[in-house]
>>> print(open('protein.cif').read())   # mmCIF, C-alpha atoms and all ligand atoms
data_data
loop_
_atom_site.label_atom_id
_atom_site.label_comp_id
_atom_site.auth_asym_id
_atom_site.auth_seq_id
_atom_site.Cartn_x
_atom_site.Cartn_y
_atom_site.Cartn_z
CA MET A 290 0.00 0.00 0.00
CA ILE A 291 1.40 3.37 -1.09
CA ASP A 292 0.30 6.49 0.84
CA LEU A 293 1.75 9.72 -0.58
CA HIS A 294 0.32 12.43 1.72
CA THR A 295 0.62 12.45 5.53
CA HIS A 296 1.24 14.91 8.37
CA THR A 297 3.06 14.83 11.70
CA ASN A 298 3.42 17.14 14.68
CA CYS A 299 6.03 19.05 12.65
CA SER A 300 2.92 20.75 11.24
CA ASP A 301 -0.69 20.04 12.26
CA GLY A 302 -0.67 16.25 12.64
CA THR A 303 -0.54 14.68 16.10
CA ASP A 304 1.96 11.79 15.64
CA SER A 305 5.69 12.45 15.75
CA PRO A 306 7.57 11.48 12.55
CA ALA A 307 8.90 8.38 14.38
CA GLN A 308 5.38 7.39 15.49
CA LEU A 309 4.10 7.82 11.94
CA VAL A 310 6.88 5.66 10.46
CA ASN A 311 6.25 2.99 13.12
CA LYS A 312 2.55 3.05 12.34
CA ALA A 313 3.21 2.74 8.59
CA ILE A 314 5.47 -0.29 9.26
CA ALA A 315 2.91 -1.87 11.59
CA GLU A 316 0.20 -1.46 8.95
CA GLY A 317 2.39 -2.94 6.22
CA LEU A 318 2.64 0.12 3.96
CA THR A 319 5.23 -0.23 1.20
CA VAL A 320 5.74 3.49 0.54
CA LEU A 321 5.05 6.39 2.91
CA ALA A 322 5.42 10.03 1.92
CA LEU A 323 5.95 12.53 4.72
CA THR A 324 4.35 15.82 3.61
CA ASP A 325 4.12 18.31 6.46
CA HIS A 326 2.85 21.79 5.68
CA ASP A 327 5.67 24.08 4.50
CA THR A 328 8.47 22.28 6.35
CA THR A 329 10.99 19.46 5.99
CA SER A 330 11.80 19.39 9.72
CA GLY A 331 10.48 15.84 10.21
CA TRP A 332 12.65 14.24 7.53
CA GLU A 333 15.64 13.36 9.69
CA SER A 334 13.71 11.70 12.48
CA ALA A 335 11.53 9.75 10.02
CA GLN A 336 14.62 8.50 8.21
CA LYS A 337 16.26 7.39 11.48
CA THR A 338 13.18 5.36 12.41
CA LEU A 339 12.97 3.63 9.03
CA ARG A 340 13.46 -0.16 8.96
CA GLY A 341 12.17 -3.29 7.26
CA ASP A 342 10.46 -3.12 3.89
CA LEU A 343 9.01 0.38 4.10
CA SER A 344 10.27 2.97 1.61
CA LEU A 345 10.16 6.63 2.52
CA ALA A 346 9.41 9.46 0.08
CA LEU A 347 10.35 12.71 1.79
CA GLY A 348 8.34 15.76 0.85
CA ALA A 349 6.24 18.72 1.94
CA GLU A 350 2.75 20.07 1.28
CA ILE A 351 3.38 23.57 0.02
CA SER A 352 0.66 26.18 0.64
CA CYS A 353 0.00 28.22 -2.51
CA LEU A 354 -2.26 31.08 -3.48
CA THR A 355 -3.35 31.77 -7.06
CA ASN A 356 -3.46 35.34 -8.37
CA ASP A 357 -7.26 35.03 -8.01
CA GLY A 358 -6.88 34.24 -4.30
CA ILE A 359 -7.69 30.52 -4.53
CA SER A 360 -5.90 28.40 -1.93
CA VAL A 361 -4.01 25.47 -3.53
CA HIS A 362 -1.91 22.80 -1.81
CA MET A 363 1.04 21.43 -3.80
CA LEU A 364 2.73 18.21 -2.72
CA GLY A 365 6.45 18.33 -3.42
CA LEU A 366 7.98 14.84 -3.20
CA LEU A 367 11.55 13.57 -3.58
CA PHE A 368 13.18 17.00 -3.79
CA ASP A 369 16.60 17.92 -2.45
CA GLY A 370 16.08 19.14 1.13
CA ALA A 371 19.34 21.09 0.97
CA HIS A 372 18.09 23.25 -1.93
CA SER A 373 18.48 26.71 -0.41
CA GLN A 374 15.88 28.55 -2.50
CA MET A 375 13.31 25.88 -1.67
CA GLN A 376 14.07 26.20 2.04
CA GLU A 377 13.81 29.98 1.73
CA MET A 378 10.39 29.71 0.09
CA LEU A 379 9.16 27.38 2.85
CA GLU A 380 10.55 29.66 5.55
CA ASN A 381 8.85 32.72 4.05
CA THR A 382 5.53 30.90 4.13
CA ARG A 383 6.03 29.76 7.74
CA ASP A 384 6.91 33.35 8.70
CA GLY A 385 3.78 34.65 6.95
CA ARG A 386 1.60 32.29 9.00
CA ILE A 387 2.35 34.26 12.21
CA PRO A 388 0.78 37.65 11.27
CA ARG A 389 -2.03 35.68 9.64
CA ALA A 390 -2.81 33.84 12.89
CA LEU A 391 -2.70 37.16 14.75
CA LYS A 392 -5.27 38.59 12.31
CA ILE A 393 -7.55 35.57 12.71
CA ILE A 394 -7.29 35.93 16.50
CA GLU A 395 -8.07 39.65 16.25
CA LEU A 396 -11.18 38.91 14.18
CA LEU A 397 -12.29 36.20 16.62
CA ASN A 398 -11.77 38.57 19.55
CA ALA A 399 -13.79 41.28 17.75
CA GLY A 400 -16.52 38.66 17.37
CA GLY A 401 -16.52 38.13 21.14
CA ILE A 402 -14.55 34.88 21.12
CA LYS A 403 -11.88 34.57 23.77
CA ILE A 404 -8.51 33.40 22.44
CA SER A 405 -4.96 34.74 22.48
CA ILE A 406 -1.75 33.94 20.60
CA GLU A 407 -0.40 32.59 23.92
CA ASP A 408 -3.29 30.09 24.02
CA VAL A 409 -2.31 28.96 20.52
CA GLU A 410 1.41 28.75 21.34
CA SER A 411 0.62 26.64 24.41
CA VAL A 412 -1.12 23.93 22.36
CA LYS A 413 1.27 23.96 19.39
CA PRO A 414 4.27 21.59 19.49
CA ALA A 415 7.53 23.58 19.51
CA GLY A 416 8.79 24.28 16.00
CA ALA A 417 5.64 23.04 14.26
CA THR A 418 4.34 25.00 11.26
CA LEU A 419 1.60 27.20 12.74
CA GLY A 420 -1.83 26.53 11.25
CA ARG A 421 -5.55 26.91 11.85
CA PRO A 422 -5.69 23.46 13.50
CA HIS A 423 -3.60 24.94 16.35
CA ILE A 424 -6.07 27.83 16.65
CA ALA A 425 -8.77 25.13 16.72
CA ASP A 426 -6.96 23.29 19.53
CA ALA A 427 -6.75 26.54 21.53
CA LEU A 428 -10.49 27.10 21.02
CA VAL A 429 -11.11 23.58 22.34
CA LYS A 430 -8.86 24.29 25.33
CA ASN A 431 -10.80 27.51 26.03
CA GLY A 432 -14.10 25.62 25.89
CA VAL A 433 -15.37 27.55 22.86
CA VAL A 434 -15.84 24.37 20.79
CA SER A 435 -15.46 20.68 21.55
CA SER A 436 -13.23 19.52 18.67
CA ARG A 437 -10.99 20.61 15.81
CA ASP A 438 -13.73 19.60 13.44
CA GLU A 439 -16.33 21.77 15.21
CA ALA A 440 -13.87 24.69 15.23
CA PHE A 441 -13.49 24.41 11.45
CA THR A 442 -17.20 23.91 10.79
CA ASP A 443 -18.26 26.84 12.97
CA LEU A 444 -15.41 29.35 12.84
CA LEU A 445 -12.28 28.54 10.86
CA HIS A 446 -13.39 27.33 7.41
CA ASN A 447 -12.28 29.20 4.28
CA ASN A 448 -15.61 31.00 3.79
CA SER A 449 -15.81 32.15 7.40
CA PRO A 450 -15.76 35.87 8.28
CA TYR A 451 -12.74 34.97 10.43
CA TYR A 452 -10.77 33.55 7.49
CA VAL A 453 -7.51 35.22 6.51
CA ALA A 454 -5.09 33.93 3.84
CA HIS A 455 -1.33 33.98 4.38
CA LEU A 456 1.52 34.87 2.11
CA ALA A 457 2.28 31.98 -0.25
CA PRO A 458 3.83 31.29 -3.65
CA THR A 459 1.62 30.78 -6.72
CA PRO A 460 1.09 27.11 -7.71
CA GLU A 461 3.31 27.70 -10.78
CA ASP A 462 6.13 29.09 -8.62
CA ALA A 463 5.87 26.18 -6.19
CA ILE A 464 5.96 23.67 -9.06
CA SER A 465 9.03 25.33 -10.60
CA MET A 466 10.78 25.33 -7.24
CA ILE A 467 9.99 21.65 -6.58
CA ARG A 468 11.23 20.69 -10.06
CA SER A 469 14.39 22.78 -9.83
CA ALA A 470 15.11 21.05 -6.50
CA GLY A 471 14.89 17.73 -8.40
CA GLY A 472 11.51 16.61 -7.08
CA VAL A 473 8.06 15.92 -8.44
CA ALA A 474 4.92 18.02 -7.96
CA VAL A 475 1.47 16.57 -7.30
CA ILE A 476 -1.47 18.91 -6.74
CA ALA A 477 -3.28 17.91 -3.53
CA HIS A 478 -7.11 17.53 -3.32
CA PRO A 479 -7.69 20.11 -6.13
CA PHE A 480 -11.49 19.72 -6.23
CA ALA A 481 -12.09 19.66 -2.44
CA SER A 482 -14.87 22.22 -2.74
CA LEU A 483 -15.87 21.96 0.92
CA ARG A 484 -12.65 23.84 1.67
CA GLY A 485 -13.61 26.91 -0.37
CA LYS A 486 -13.17 28.11 -3.94
CA VAL A 487 -11.31 25.59 -6.13
CA LEU A 488 -9.59 25.54 -9.51
CA SER A 489 -11.54 24.78 -12.67
CA ALA A 490 -10.63 22.19 -15.31
CA ALA A 491 -9.02 24.82 -17.55
CA ASP A 492 -6.54 25.78 -14.83
CA PHE A 493 -4.61 22.49 -15.10
CA LEU A 494 -2.93 23.09 -18.47
CA PRO A 495 -0.82 26.04 -17.19
CA LEU A 496 0.21 23.87 -14.23
CA LYS A 497 1.22 21.04 -16.57
CA ILE A 498 3.26 23.54 -18.58
CA ALA A 499 4.91 24.73 -15.34
CA GLY A 500 6.02 21.13 -14.72
CA LEU A 501 3.21 19.48 -12.72
CA ASN A 502 3.70 15.69 -12.53
CA GLY A 503 0.50 14.42 -10.98
CA ILE A 504 -2.97 14.96 -9.56
CA GLU A 505 -4.19 13.61 -6.21
CA VAL A 506 -7.47 12.13 -7.39
CA ASN A 507 -8.40 9.71 -4.64
CA HIS A 508 -8.81 11.77 -1.47
CA ARG A 509 -11.64 11.69 1.05
CA ASP A 510 -12.60 15.30 0.32
CA HIS A 511 -13.47 14.41 -3.32
CA SER A 512 -16.86 13.00 -4.33
CA ASN A 513 -17.03 10.23 -6.94
CA ASP A 514 -17.92 12.81 -9.60
CA GLU A 515 -14.96 14.98 -8.63
CA ARG A 516 -12.66 11.94 -8.78
CA SER A 517 -13.81 10.99 -12.26
CA ALA A 518 -13.52 14.59 -13.52
CA LEU A 519 -9.95 14.77 -12.16
CA ALA A 520 -9.03 11.37 -13.61
CA ASP A 521 -10.24 12.63 -17.02
CA ILE A 522 -8.05 15.74 -16.69
CA ALA A 523 -5.07 13.59 -15.67
CA ARG A 524 -5.53 11.31 -18.70
CA GLU A 525 -5.97 14.24 -21.05
CA LEU A 526 -2.80 15.98 -19.81
CA ASP A 527 -0.84 12.74 -19.30
CA LEU A 528 -0.39 13.30 -15.56
CA VAL A 529 0.14 10.66 -12.88
CA ILE A 530 -2.93 9.78 -10.76
CA THR A 531 -2.37 9.41 -7.03
CA GLY A 532 -4.48 8.60 -3.99
CA ALA A 533 -3.58 9.30 -0.39
CA SER A 534 -4.96 9.57 3.12
CA ASP A 535 -3.86 13.07 4.19
CA TYR A 536 -3.45 11.41 7.61
CA HIS A 537 -3.20 13.86 10.56
CA GLY A 538 -3.11 11.44 13.53
CA THR A 539 -6.00 12.19 15.87
CA GLY A 540 -6.31 15.69 14.35
CA LYS A 541 -8.64 14.40 11.62
CA LEU A 542 -10.73 11.30 10.93
CA ASN A 543 -8.50 10.27 7.99
CA SER A 544 -6.87 6.89 8.58
CA LEU A 545 -3.47 5.94 7.21
CA GLY A 546 -3.73 4.23 3.81
CA GLU A 547 -7.49 4.89 3.45
CA ASN A 548 -6.73 6.01 -0.11
CA HIS A 549 -3.62 4.86 -1.92
CA THR A 550 -1.60 5.10 -5.12
CA HIS A 551 -1.26 2.25 -7.62
CA GLN A 552 2.23 0.80 -8.01
CA GLY A 553 2.51 1.69 -11.72
CA GLN A 554 1.55 5.31 -11.11
CA TRP A 555 4.07 5.52 -8.27
CA GLU A 556 6.84 4.03 -10.41
CA ARG A 557 6.18 6.59 -13.11
CA LEU A 558 6.10 9.45 -10.59
CA GLU A 559 9.34 8.31 -8.98
CA SER A 560 11.04 8.07 -12.38
CA GLU A 561 10.25 11.74 -13.04
CA ALA A 562 12.44 12.98 -10.15
CA ASP A 563 15.95 13.96 -11.22
CA LYS A 564 17.43 10.89 -9.52
CA ARG A 565 16.44 8.01 -7.25
CA ARG A 566 15.65 9.72 -3.98
CA VAL A 567 13.40 7.15 -2.32
CA ILE A 568 14.87 6.12 1.01
CA ARG A 569 15.15 2.51 2.10
CA ALA A 570 16.47 1.12 5.37
P1 LIG B 1 -3.92 26.20 7.37
O1 LIG B 1 -2.72 25.47 6.84
O2 LIG B 1 -3.59 27.00 8.57
O3 LIG B 1 -4.64 27.00 6.32
O4 LIG B 1 -4.94 25.09 7.87
C1 LIG B 1 -5.35 24.11 6.96
C2 LIG B 1 -5.31 22.75 7.62
O5 LIG B 1 -6.44 22.60 8.42
C3 LIG B 1 -5.32 21.60 6.61
O6 LIG B 1 -4.15 20.85 6.75
C4 LIG B 1 -6.45 20.75 6.99
O7 LIG B 1 -6.06 19.39 7.10
C5 LIG B 1 -6.86 21.25 8.35
N1 LIG B 1 -8.33 21.15 8.43
C6 LIG B 1 -9.22 21.63 7.56
N2 LIG B 1 -10.48 21.32 7.96
C7 LIG B 1 -10.35 20.58 9.09
C8 LIG B 1 -11.28 19.94 9.97
N3 LIG B 1 -12.60 20.01 9.75
N4 LIG B 1 -10.80 19.27 11.04
C9 LIG B 1 -9.47 19.21 11.25
N5 LIG B 1 -8.55 19.79 10.47
C10 LIG B 1 -8.99 20.47 9.39
ZN ZN B 2 -2.93 19.81 7.72
FE FE B 3 -3.95 20.02 2.09
FE FE B 4 -2.50 17.65 3.92
#
>>> encode(input="protein.cif", output="structure tokens", more="lines below")
Ligand code: AMP
Ligand code: ZN
Ligand code: FE
Ligand code: FE
Amino acid sequence: MIDLHTHTNCSDGTDSPAQLVNKAIAEGLTVLALTDHDTTSGWESAQKTLRGDLSLALGAEISCLTNDGISVHMLGLLFDGAHSQMQEMLENTRDGRIPRALKIIELLNAGGIKISIEDVESVKPAGATLGRPHIADALVKNGVVSSRDEAFTDLLHNNSPYYVAHLAPTPEDAISMIRSAGGVAVIAHPFASLRGKVLSAADFLPLKIAGLNGIEVNHRDHSNDERSALADIARELDLVITGASDYHGTGKLNSLGENHTHQGQWERLESEADKRRVIRA
């Protein structure tokens, strides 16, 4: 079983990288991709924990914003973690998440909801990429809501009056950066319309031209119709089709391996990186 999209407590997941690798081994996964939001800080620990037959594809889920203000998530897999411009891009995004959280908190406060940046810092693991799930955890701690999910449904979703975007590269810029760092780019859950405004079918050709390698088709936030529309786009543009869990530990219902990528699609994706970068024990 090949799962190409997972999170740890280096961003907004709840398992440590070591716990995630152990879980993937226990569940018999053959390939696990580590894709924390805008960071590669979990790579080293995941690699140290690796053993047995599991292969590790190191990566990141890069937050992007189109010129029209649509939020897009780009999975970068198998890129060189020492690529300095890539690390600079990720760092800029992480930095931009701080003023953005402050704005969200200010809006919540203006709406009469009690929460401070200190509350958020106290629930966020040290060094983790700051995200709305940490604001959600602080709201749970303050008794405003009872779960992350309720926090998103009631207050933190993309169409909420409390929503604020953060600084991020365009999808084309993220793709170019991933490719120049030797990796492959797969657009994550592109038709997950519950999350807010999404791309339309015509938007994929410019991404293909920018170097996009694949589309995450099988994801729990896509309906069957959305999956078949995306598979059609992938076939038309000759892009790899992936499936993945977007596992976040106990932070979300998604279970490891609940969606997966077919071996042939994975082999093609891996062959499009500039060299063999998959890690084996
Ligand atoms: P951010 O990166 O700060 O924009 O926050 C987006 C993250 O929130 C994504 O990684 C989602 O997995 C997570 N998220 C979105 N909706 C929910 C939800 N209903 N419950 C838990 N996490 C969610
Ligand atoms: Zn997340
Ligand atoms: Fe995502
Ligand atoms: Fe994700």
>>> atom_distance(input="protein.cif", atom1="atom CA of A:Arg484", atom2="atom C6 of ligand LIG 1 (chain B)")
7.2 Å
>>> atom_distance(input="protein.cif", atom1="atom CA of A:Ser435", atom2="atom CA of A:Ser482")
24.3 Å
>>> closest_residue(input="protein.cif", among="A:Leu488, A:Ile351, A:Met375, A:Val529", to="ligand FE 3 (chain B)", atoms="all atoms listed in the file")
A:Ile351
>>> residues_near_ligand(input="protein.cif", ligand="ligand FE 4 (chain B)", cutoff="8 Å", atoms="only C-alpha atoms and all ligand atoms", output="PyMOL selection string")
chain A and resi 294-296+324-326+350+362+477+535-537
>>> write_last_selection(input="protein.cif", atoms="C-alpha atoms", output="PDB file, in the frame of the given file")
ATOM      1  CA  HIS A 294       0.320  12.430   1.720  1.00  0.00           C
ATOM      2  CA  THR A 295       0.620  12.450   5.530  1.00  0.00           C
ATOM      3  CA  HIS A 296       1.240  14.910   8.370  1.00  0.00           C
ATOM      4  CA  THR A 324       4.350  15.820   3.610  1.00  0.00           C
ATOM      5  CA  ASP A 325       4.120  18.310   6.460  1.00  0.00           C
ATOM      6  CA  HIS A 326       2.850  21.790   5.680  1.00  0.00           C
ATOM      7  CA  GLU A 350       2.750  20.070   1.280  1.00  0.00           C
ATOM      8  CA  HIS A 362      -1.910  22.800  -1.810  1.00  0.00           C
ATOM      9  CA  ALA A 477      -3.280  17.910  -3.530  1.00  0.00           C
ATOM     10  CA  ASP A 535      -3.860  13.070   4.190  1.00  0.00           C
ATOM     11  CA  TYR A 536      -3.450  11.410   7.610  1.00  0.00           C
ATOM     12  CA  HIS A 537      -3.200  13.860  10.560  1.00  0.00           C
TER      13      HIS A 537
END
>>> closest_residue(input="protein.cif", among="A:Ser436, A:Gln374, A:Thr355, A:Thr418", to="A:Ala390", atoms="all atoms listed in the file")
A:Thr418
>>> residues_near_point(input="protein.cif", point="(-1.7, 4.5, 2.2)", cutoff="7 Å", atoms="all atoms listed in the file", output="list of chain:residue names")
A:Met290, A:Ile291, A:Asp292, A:Leu293, A:Leu318, A:Ala533, A:Ser534, A:Leu545, A:Gly546, A:Glu547, A:Asn548, A:His549
>>> closest_residue(input="protein.cif", among="A:Glu410, A:Glu515, A:Glu505, A:Glu333", to="ligand FE 3 (chain B)", atoms="only C-alpha atoms and all ligand atoms")
A:Glu505
>>> atom_distance(input="protein.cif", atom1="atom C2 of ligand LIG 1 (chain B)", atom2="atom CA of A:Asn381")
17.7 Å
>>> closest_residue(input="protein.cif", among="A:Leu445, A:Ala481, A:Ala399, A:Ala570", to="ligand FE 3 (chain B)", atoms="only C-alpha atoms and all ligand atoms")
A:Ala481
>>> residues_around(input="protein.cif", residues="A:Leu347", least_positions_apart="5", cutoff="10 Å", atoms="only C-alpha atoms", output="ChimeraX atom specification")
/A:293,321-325,329,331-333,335-336,365-370,472,566-568
>>> write_last_selection(input="protein.cif", atoms="C-alpha atoms", output="short mmCIF file (atom, residue, chain, number, x, y, z; two decimals), in the coordinates of the input")
data_model
loop_
_atom_site.label_atom_id
_atom_site.label_comp_id
_atom_site.auth_asym_id
_atom_site.auth_seq_id
_atom_site.Cartn_x
_atom_site.Cartn_y
_atom_site.Cartn_z
CA LEU A 293 1.75 9.72 -0.58
CA LEU A 321 5.05 6.39 2.91
CA ALA A 322 5.42 10.03 1.92
CA LEU A 323 5.95 12.53 4.72
CA THR A 324 4.35 15.82 3.61
CA ASP A 325 4.12 18.31 6.46
CA THR A 329 10.99 19.46 5.99
CA GLY A 331 10.48 15.84 10.21
CA TRP A 332 12.65 14.24 7.53
CA GLU A 333 15.64 13.36 9.69
CA ALA A 335 11.53 9.75 10.02
CA GLN A 336 14.62 8.50 8.21
CA GLY A 365 6.45 18.33 -3.42
CA LEU A 366 7.98 14.84 -3.20
CA LEU A 367 11.55 13.57 -3.58
CA PHE A 368 13.18 17.00 -3.79
CA ASP A 369 16.60 17.92 -2.45
CA GLY A 370 16.08 19.14 1.13
CA GLY A 472 11.51 16.61 -7.08
CA ARG A 566 15.65 9.72 -3.98
CA VAL A 567 13.40 7.15 -2.32
CA ILE A 568 14.87 6.12 1.01
#
>>> axis_aligned_box(input="protein.cif", around="stretch 419-431 of chain A", padding_each_side="3 Å", output="lines of an AutoDock Vina configuration file")
center_x = -4.8
center_y = 25.6
center_z = 18.6
size_x = 18.7
size_y = 10.5
size_z = 20.8
>>> closest_atom_pairs(input="protein.cif", of="chain A", to="ligand LIG 1 (chain B)", cutoff="6 Å", atoms="only C-alpha atoms and all ligand atoms", output="Markdown table")
| residue | atom | partner | partner_atom | distance |
| --- | --- | --- | --- | --- |
| A:Gly420 | CA | B:LIG1 | O2 | 3.2 |
| A:Arg421 | CA | B:LIG1 | O2 | 3.8 |
| A:Pro422 | CA | B:LIG1 | O5 | 5.2 |
| A:Arg437 | CA | B:LIG1 | N4 | 5.0 |
| A:Asp438 | CA | B:LIG1 | N4 | 3.8 |
| A:Phe441 | CA | B:LIG1 | N3 | 4.8 |
| A:Gly540 | CA | B:LIG1 | C9 | 5.7 |
| A:Lys541 | CA | B:LIG1 | C9 | 4.9 |
>>> write_last_selection(input="protein.cif", atoms="C-alpha atoms", output="PDB file, in the coordinates of the input")
ATOM      1  CA  GLY A 420      -1.830  26.530  11.250  1.00  0.00           C
ATOM      2  CA  ARG A 421      -5.550  26.910  11.850  1.00  0.00           C
ATOM      3  CA  PRO A 422      -5.690  23.460  13.500  1.00  0.00           C
ATOM      4  CA  ARG A 437     -10.990  20.610  15.810  1.00  0.00           C
ATOM      5  CA  ASP A 438     -13.730  19.600  13.440  1.00  0.00           C
ATOM      6  CA  PHE A 441     -13.490  24.410  11.450  1.00  0.00           C
ATOM      7  CA  GLY A 540      -6.310  15.690  14.350  1.00  0.00           C
ATOM      8  CA  LYS A 541      -8.640  14.400  11.620  1.00  0.00           C
TER       9      LYS A 541
END
>>> residues_around(input="protein.cif", residues="stretch 492-497 of chain A", least_positions_apart="5", cutoff="9 Å", atoms="all atoms listed in the file", output="list in words")
Pro460, Glu461, Ile464, Asn502, Gly503, Ile522, Ala523, Leu526, Asp527 and Leu528 of chain A
>>> closest_residue(input="protein.cif", among="A:Asp408, A:Ala520, A:Met378, A:Ala346", to="A:Lys430", atoms="only C-alpha atoms")
A:Asp408
>>> closest_residue(input="protein.cif", among="A:Asp443, A:Glu561, A:Asp384, A:Asp342", to="A:Leu397", atoms="only C-alpha atoms")
A:Asp443
>>> residues_around(input="protein.cif", residues="A:Ile387", least_positions_apart="3", cutoff="12 Å", atoms="all atoms listed in the file", output="PyMOL selection string")
chain A and resi 380-384+390-394+406+409-410+417-421+423-424+453-456
>>> residues_around(input="protein.cif", residues="A:Gly416", least_positions_apart="4", cutoff="9 Å", atoms="all atoms listed in the file", output="VMD selection string")
chain A and resid 299 to 300 330
>>> write_last_selection(input="protein.cif", atoms="C-alpha atoms", output="mmCIF file, keeping the file's coordinate frame")
data_model
loop_
_atom_site.group_PDB
_atom_site.id
_atom_site.type_symbol
_atom_site.label_atom_id
_atom_site.label_comp_id
_atom_site.auth_asym_id
_atom_site.auth_seq_id
_atom_site.Cartn_x
_atom_site.Cartn_y
_atom_site.Cartn_z
ATOM 1 C CA CYS A 299 6.030 19.050 12.650
ATOM 2 C CA SER A 300 2.920 20.750 11.240
ATOM 3 C CA SER A 330 11.800 19.390 9.720
#
>>> decode(input="protein.cif", residues="stretch 442-453 of chain A", atoms="N, CA and C atoms", output="mmCIF file, in the first residue's frame")
data_model
loop_
_atom_site.group_PDB
_atom_site.id
_atom_site.type_symbol
_atom_site.label_atom_id
_atom_site.label_comp_id
_atom_site.auth_asym_id
_atom_site.auth_seq_id
_atom_site.Cartn_x
_atom_site.Cartn_y
_atom_site.Cartn_z
ATOM 1 N N THR A 442 -15.825 23.788 11.300
ATOM 2 C CA THR A 442 -17.195 23.912 10.789
ATOM 3 C C THR A 442 -17.810 25.245 11.192
ATOM 4 N N ASP A 443 -17.588 25.646 12.455
ATOM 5 C CA ASP A 443 -18.264 26.844 12.974
ATOM 6 C C ASP A 443 -17.497 28.134 12.697
ATOM 7 N N LEU A 444 -16.162 28.092 12.773
ATOM 8 C CA LEU A 444 -15.410 29.350 12.836
ATOM 9 C C LEU A 444 -14.245 29.486 11.864
ATOM 10 N N LEU A 445 -13.584 28.398 11.522
ATOM 11 C CA LEU A 445 -12.275 28.543 10.863
ATOM 12 C C LEU A 445 -12.243 28.169 9.384
ATOM 13 N N HIS A 446 -13.377 27.751 8.815
ATOM 14 C CA HIS A 446 -13.393 27.332 7.406
ATOM 15 C C HIS A 446 -13.079 28.511 6.473
ATOM 16 N N ASN A 447 -12.764 28.173 5.217
ATOM 17 C CA ASN A 447 -12.283 29.198 4.275
ATOM 18 C C ASN A 447 -13.310 30.266 3.907
ATOM 19 N N ASN A 448 -14.599 29.991 4.118
ATOM 20 C CA ASN A 448 -15.609 31.002 3.794
ATOM 21 C C ASN A 448 -16.075 31.766 5.023
ATOM 22 N N SER A 449 -15.409 31.524 6.146
ATOM 23 C CA SER A 449 -15.805 32.153 7.403
ATOM 24 C C SER A 449 -15.415 33.636 7.419
ATOM 25 N N PRO A 450 -16.166 34.466 8.131
ATOM 26 C CA PRO A 450 -15.764 35.874 8.279
ATOM 27 C C PRO A 450 -14.430 36.016 9.034
ATOM 28 N N TYR A 451 -14.003 34.937 9.679
ATOM 29 C CA TYR A 451 -12.736 34.974 10.431
ATOM 30 C C TYR A 451 -11.566 34.447 9.597
ATOM 31 N N TYR A 452 -11.839 34.120 8.321
ATOM 32 C CA TYR A 452 -10.768 33.548 7.492
ATOM 33 C C TYR A 452 -9.827 34.628 6.973
ATOM 34 N N VAL A 453 -8.545 34.348 7.071
ATOM 35 C CA VAL A 453 -7.508 35.219 6.511
ATOM 36 C C VAL A 453 -6.516 34.310 5.779
#
